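Peer 1: Contents of run_21.pdb (PDB, C-alpha atoms, pLDDT in the B column) are given next:
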ATOM      1  CA  MET A  15     113.002 119.726  92.677  1.00 44.00           C
ATOM      2  CA  ARG A  16     116.152 119.455  94.765  1.00 52.00           C
ATOM      3  CA  ARG A  17     116.898 117.573  97.952  1.00 55.00           C
ATOM      4  CA  ASN A  18     117.504 119.597 101.086  1.00 56.00           C
ATOM      5  CA  PRO A  19     121.311 119.955 101.552  1.00 55.00           C
ATOM      6  CA  GLU A  20     120.917 119.466 105.325  1.00 55.00           C
ATOM      7  CA  TYR A  21     119.927 115.847 104.713  1.00 57.00           C
ATOM      8  CA  ILE A  22     122.525 114.981 102.088  1.00 66.00           C
ATOM      9  CA  SER A  23     125.610 113.128 103.232  1.00 71.00           C
ATOM     10  CA  PHE A  24     128.468 111.460 101.438  1.00 78.00           C
ATOM     11  CA  THR A  25     130.465 108.398 102.438  1.00 82.00           C
ATOM     12  CA  TRP A  26     134.234 108.715 102.417  1.00 84.00           C
ATOM     13  CA  GLU A  27     136.881 106.041 102.967  1.00 88.00           C
ATOM     14  CA  CYS A  28     140.439 106.303 104.180  1.00 89.00           C
ATOM     15  CA  PRO A  29     142.715 104.767 101.508  1.00 90.00           C
ATOM     16  CA  GLU A  30     145.108 103.518 104.184  1.00 90.00           C
ATOM     17  CA  CYS A  31     142.989 102.012 107.004  1.00 90.00           C
ATOM     18  CA  HIS A  32     139.685 101.758 105.025  1.00 87.00           C
ATOM     19  CA  GLU A  33     137.631 103.347 107.802  1.00 87.00           C
ATOM     20  CA  THR A  34     134.530 105.053 106.434  1.00 85.00           C
ATOM     21  CA  PHE A  35     133.038 108.415 107.387  1.00 83.00           C
ATOM     22  CA  ASN A  36     129.661 109.971 106.600  1.00 81.00           C
ATOM     23  CA  VAL A  37     130.101 113.668 105.959  1.00 81.00           C
ATOM     24  CA  SER A  38     127.202 116.092 105.492  1.00 78.00           C
ATOM     25  CA  TYR A  39     127.026 118.401 102.505  1.00 73.00           C
ATOM     26  CA  PHE A  40     127.384 121.458 104.774  1.00 75.00           C
ATOM     27  CA  SER A  41     130.441 120.035 106.534  1.00 78.00           C
ATOM     28  CA  LEU A  42     131.995 119.191 103.198  1.00 77.00           C
ATOM     29  CA  ALA A  43     131.279 122.679 101.866  1.00 78.00           C
ATOM     30  CA  THR A  44     132.804 124.403 104.880  1.00 80.00           C
ATOM     31  CA  SER A  45     135.700 122.082 105.770  1.00 80.00           C
ATOM     32  CA  GLY A  46     136.605 120.348 102.529  1.00 82.00           C
ATOM     33  CA  ASN A  47     137.414 116.677 102.047  1.00 83.00           C
ATOM     34  CA  PRO A  48     137.664 114.733 105.320  1.00 87.00           C
ATOM     35  CA  ILE A  49     141.021 113.654 106.720  1.00 89.00           C
ATOM     36  CA  CYS A  50     141.283 110.331 108.558  1.00 88.00           C
ATOM     37  CA  PRO A  51     141.997 111.114 112.231  1.00 88.00           C
ATOM     38  CA  ASP A  52     144.092 107.936 112.642  1.00 88.00           C
ATOM     39  CA  CYS A  53     146.167 107.975 109.439  1.00 88.00           C
ATOM     40  CA  ASP A  54     146.147 111.697 108.620  1.00 89.00           C
ATOM     41  CA  GLU A  55     145.309 110.743 105.013  1.00 89.00           C
ATOM     42  CA  GLU A  56     142.756 112.498 102.819  1.00 90.00           C
ATOM     43  CA  CYS A  57     139.718 110.263 102.376  1.00 88.00           C
ATOM     44  CA  GLU A  58     138.239 109.231  99.033  1.00 88.00           C
ATOM     45  CA  LEU A  59     134.597 109.550  98.077  1.00 84.00           C
ATOM     46  CA  ILE A  60     132.654 106.286  97.798  1.00 81.00           C
ATOM     47  CA  ASP A  61     129.973 106.484  95.124  1.00 66.00           C
ATOM     48  CA  ASN A  62     126.887 104.930  96.718  1.00 57.00           C
ATOM     49  CA  ARG A  63     124.242 107.107  95.088  1.00 56.00           C
ATOM     50  CA  ASP A  64     122.454 104.153  93.466  1.00 54.00           C
ATOM     51  CA  GLU A  65     122.016 102.502  96.864  1.00 57.00           C
ATOM     52  CA  ASP A  66     120.731 105.789  98.349  1.00 68.00           C
ATOM     53  CA  PHE A  67     118.152 106.276  95.618  1.00 75.00           C
ATOM     54  CA  GLU A  68     117.041 102.648  95.815  1.00 80.00           C
ATOM     55  CA  ALA A  69     116.371 103.055  99.542  1.00 84.00           C
ATOM     56  CA  GLU A  70     114.654 106.412  98.956  1.00 87.00           C
ATOM     57  CA  LEU A  71     112.450 104.903  96.257  1.00 89.00           C
ATOM     58  CA  LYS A  72     111.419 102.040  98.529  1.00 90.00           C
ATOM     59  CA  LYS A  73     110.554 104.577 101.242  1.00 92.00           C
ATOM     60  CA  ALA A  74     108.536 106.583  98.698  1.00 92.00           C
ATOM     61  CA  TYR A  75     106.418 103.515  97.916  1.00 92.00           C
ATOM     62  CA  GLN A  76     105.854 102.954 101.630  1.00 93.00           C
ATOM     63  CA  ASN A  77     104.966 106.611 102.226  1.00 92.00           C
ATOM     64  CA  ALA A  78     102.465 106.623  99.362  1.00 93.00           C
ATOM     65  CA  LEU A  79     100.602 103.888 101.218  1.00 92.00           C
ATOM     66  CA  LEU A  80     101.022 105.387 104.687  1.00 91.00           C
ATOM     67  CA  VAL A  81      99.661 108.829 103.793  1.00 92.00           C
ATOM     68  CA  GLN A  82      96.334 107.352 102.750  1.00 92.00           C
ATOM     69  CA  SER A  83      95.208 107.652 106.377  1.00 93.00           C
ATOM     70  CA  ALA A  84      96.815 111.074 106.937  1.00 93.00           C
ATOM     71  CA  CYS A  85      94.913 114.240 107.792  1.00 92.00           C
ATOM     72  CA  ASN A  86      97.763 116.792 107.713  1.00 92.00           C
ATOM     73  CA  LEU A  87      97.942 118.410 104.273  1.00 93.00           C
ATOM     74  CA  SER A  88     101.363 119.940 104.943  1.00 92.00           C
ATOM     75  CA  GLY A  89     102.841 116.581 105.961  1.00 92.00           C
ATOM     76  CA  VAL A  90     101.401 114.867 102.896  1.00 93.00           C
ATOM     77  CA  VAL A  91     102.739 117.556 100.552  1.00 93.00           C
ATOM     78  CA  ASN A  92     106.210 117.404 102.136  1.00 92.00           C
ATOM     79  CA  ALA A  93     106.276 113.609 101.854  1.00 92.00           C
ATOM     80  CA  PHE A  94     105.109 113.908  98.227  1.00 94.00           C
ATOM     81  CA  SER A  95     107.957 116.310  97.492  1.00 92.00           C
ATOM     82  CA  ARG A  96     110.521 113.866  98.922  1.00 90.00           C
ATOM     83  CA  SER A  97     108.928 111.041  96.944  1.00 92.00           C
ATOM     84  CA  LEU A  98     109.106 113.027  93.705  1.00 91.00           C
ATOM     85  CA  SER A  99     112.808 113.648  94.383  1.00 86.00           C
ATOM     86  CA  ALA A 100     113.315 109.902  94.902  1.00 87.00           C
ATOM     87  CA  LEU A 101     111.581 109.139  91.603  1.00 89.00           C
ATOM     88  CA  GLN A 102     113.631 111.745  89.775  1.00 86.00           C
ATOM     89  CA  GLY A 103     116.860 110.554  91.401  1.00 81.00           C
ATOM     90  CA  SER A 104     116.050 106.986  90.385  1.00 82.00           C
ATOM     91  CA  GLY A 105     115.997 108.017  86.733  1.00 84.00           C
ATOM     92  CA  PHE A 106     112.293 108.483  86.072  1.00 87.00           C
ATOM     93  CA  LYS A 107     111.506 111.196  83.528  1.00 91.00           C
ATOM     94  CA  THR A 108     108.662 113.732  83.717  1.00 90.00           C
ATOM     95  CA  ASP A 109     105.962 111.689  81.957  1.00 92.00           C
ATOM     96  CA  ALA A 110     106.821 108.554  83.924  1.00 91.00           C
ATOM     97  CA  ILE A 111     106.733 110.502  87.208  1.00 92.00           C
ATOM     98  CA  ARG A 112     103.392 112.067  86.303  1.00 91.00           C
ATOM     99  CA  SER A 113     101.754 108.668  85.752  1.00 90.00           C
ATOM    100  CA  HIS A 114     103.667 106.739  88.422  1.00 92.00           C
ATOM    101  CA  PRO A 115     101.569 104.941  91.094  1.00 93.00           C
ATOM    102  CA  ILE A 116     103.323 106.951  93.830  1.00 92.00           C
ATOM    103  CA  SER A 117     102.251 110.212  92.187  1.00 92.00           C
ATOM    104  CA  ILE A 118      98.715 108.964  91.681  1.00 92.00           C
ATOM    105  CA  LEU A 119      98.299 107.927  95.325  1.00 92.00           C
ATOM    106  CA  PHE A 120      99.744 111.161  96.688  1.00 91.00           C
ATOM    107  CA  SER A 121      97.785 113.426  94.333  1.00 91.00           C
ATOM    108  CA  ASP A 122      94.562 111.563  95.112  1.00 89.00           C
ATOM    109  CA  LYS A 123      95.155 112.014  98.854  1.00 92.00           C
ATOM    110  CA  ILE A 124      95.914 115.718  98.423  1.00 93.00           C
ATOM    111  CA  SER A 125      92.769 116.108  96.344  1.00 91.00           C
ATOM    112  CA  SER A 126      90.802 114.348  99.087  1.00 89.00           C
ATOM    113  CA  LEU A 127      92.247 116.589 101.808  1.00 92.00           C
ATOM    114  CA  VAL A 128      91.298 119.780  99.958  1.00 88.00           C
ATOM    115  CA  GLY A 129      87.775 118.571  99.229  1.00 85.00           C
ATOM    116  CA  ARG A 130      88.138 117.345  95.639  1.00 77.00           C
ATOM    117  CA  SER A 131      87.757 120.650  93.857  1.00 65.00           C
ATOM    118  CA  THR A 132      85.166 121.169  91.173  1.00 68.00           C
ATOM    119  CA  PRO A 133      85.784 123.345  88.097  1.00 69.00           C
ATOM    120  CA  LEU A 134      83.855 126.159  89.811  1.00 71.00           C
ATOM    121  CA  MET A 135      86.003 125.876  92.960  1.00 74.00           C
ATOM    122  CA  PHE A 136      89.133 125.958  90.798  1.00 74.00           C
ATOM    123  CA  THR A 137      87.957 129.056  88.927  1.00 84.00           C
ATOM    124  CA  GLU A 138      87.151 130.865  92.172  1.00 82.00           C
ATOM    125  CA  ALA A 139      90.472 129.878  93.743  1.00 78.00           C
ATOM    126  CA  TYR A 140      92.354 130.985  90.620  1.00 79.00           C
ATOM    127  CA  ARG A 141      90.622 134.375  90.627  1.00 85.00           C
ATOM    128  CA  GLU A 142      91.368 134.868  94.329  1.00 83.00           C
ATOM    129  CA  CYS A 143      95.060 134.068  93.824  1.00 84.00           C
ATOM    130  CA  GLU A 144      95.187 136.430  90.835  1.00 87.00           C
ATOM    131  CA  ALA A 145      93.583 139.197  92.937  1.00 88.00           C
ATOM    132  CA  GLN A 146      96.027 138.671  95.815  1.00 83.00           C
ATOM    133  CA  LYS A 147      99.296 138.533  93.879  1.00 82.00           C
TER
END
What is this file in structure tokens?

Peer 2:
Amino acid sequence: MRRNPEYISFTWECPECHETFNVSYFSLATSGNPICPDCDEECELIDNRDEDFEAELKKAYQNALLVQSACNLSGVVNAFSRSLSALQGSGFKTDAIRSHPISILFSDKISSLVGRSTPLMFTEAYRECEAQK
């Protein structure tokens, strides 16, 4: 699961005046490394990924609690996807993500929103998807 490039930004710092700039992934891909407008020096990348993932993980915990009163399946699934990315980016491996409290709360809410499927409902849904592919 990858993060959406539209929402990824990097922090750059001018080595001369130490002014910082946030540059989006798309801007970086199309224009290259930023140049300080005051010093005309090429900026250097500041590695703040750990801080980003720490903030994303904290938000994931908050969202897992907030979605418990949600009624929009699409919104819950999108928030779950972002939360899974935060867990993965914070270093959690597959088994730890699967059993993580964030995953449990989100999956329980999704199950609730779709009516807590029974084995019969699953079998019927599986057959319908097979027939429609």

Peer 1: I need the residue nearest Glu68 in chain A from this list: A:Leu101, A:Ile49, A:Ala93, A:Val81. Use all atoms listed in the file for the distance.

Peer 2: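 Once distances to Glu68 in chain A are computed over all atoms listed in the file, the minimum belongs to A:Leu101.
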
Peer 1: Any idea what the distance is between CA of Leu71 in chain A and CA of Asp122 in chain A?

Peer 2: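 CA of Asp122 in chain A lies 19.1 Å from CA of Leu71 in chain A.
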
Peer 1: Could you pull the residues within 12 Å of Leu42 in chain A, counting only C-alpha atoms, minus those fewer than 2 positions along the same chain, as a list of chain:residue names?

Peer 2: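 My reading of the contact set: A:Pro19, A:Glu20, A:Ile22, A:Ser23, A:Phe24, A:Thr25, A:Trp26, A:Phe35, A:Asn36, A:Val37, A:Ser38, A:Tyr39, A:Phe40, A:Thr44, A:Ser45, A:Gly46, A:Asn47, A:Pro48, A:Ile49, A:Cys57, A:Leu59.
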
Peer 1: One decimal, Å: what's the distance from CA of Ala145 in chain A over to CA of Arg130 in chain A, could you say?

Peer 2: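 Computing it gives 22.7 Å between the two atoms.
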
Peer 1: List the neighbours of Phe106 in chain A out to 12 Å using all atoms listed in the file; skip same-chain residues closer than 4 positions along the sequence, and give me the result as a ChimeraX atom specification.

Peer 2: /A:67,71,97-102,110-114,116-117

Peer 1: Return the single residue from A:Thr108, A:Ser121, A:Thr137, A:Gln146 that is closest to Gln82 in chain A, with distances computed using all atoms listed in the file.

Peer 2: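 Smallest distance to Gln82 in chain A is found for A:Ser121.
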
Peer 1: On this structure, the PyMOL selection byres ((chain A and resi 128) around 12) would catch which residues? List them as number ranges by chain, sorted by chain and number.

Peer 2: A: 85-88, 90-91, 121-127, 129-132, 135-136, 139

Peer 1: Go through A:Phe94, A:Cys143, A:Glu138, A:Gly105 one by one, measure the shortest atom-to-atom distance of each to Leu79 in chain A using all atoms listed in the file, and give the residue with the smallest value.

Peer 2: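 Residue with the minimum atom-to-atom distance to Leu79 in chain A: A:Phe94.
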
Peer 1: Go ahead and compute the interatomic distance for CA of Ser83 in chain A and CA of Arg96 in chain A, in Å to one decimal.

Peer 2: 18.1 Å

Peer 1: The PyMOL selection byres ((chain A and resi 28) around 8) on the file shown: which residues, as a list of chain:residue names?

Peer 2: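 Output from the PyMOL selection byres ((chain A and resi 28) around 8), applied to this file: A:Trp26, A:Glu27, A:Pro29, A:Glu30, A:Cys31, A:His32, A:Glu33, A:Thr34, A:Ile49, A:Cys50, A:Cys53, A:Glu55, A:Glu56, A:Cys57, A:Glu58.
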
Peer 1: Find the residue from A:Ser95, A:Ala78, A:Gly89, A:Tyr140 that sits nearest to Ile118 in chain A; use only C-alpha atoms when measuring.

Peer 2: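 Selected residue with least distance to Ile118 in chain A: A:Ala78.
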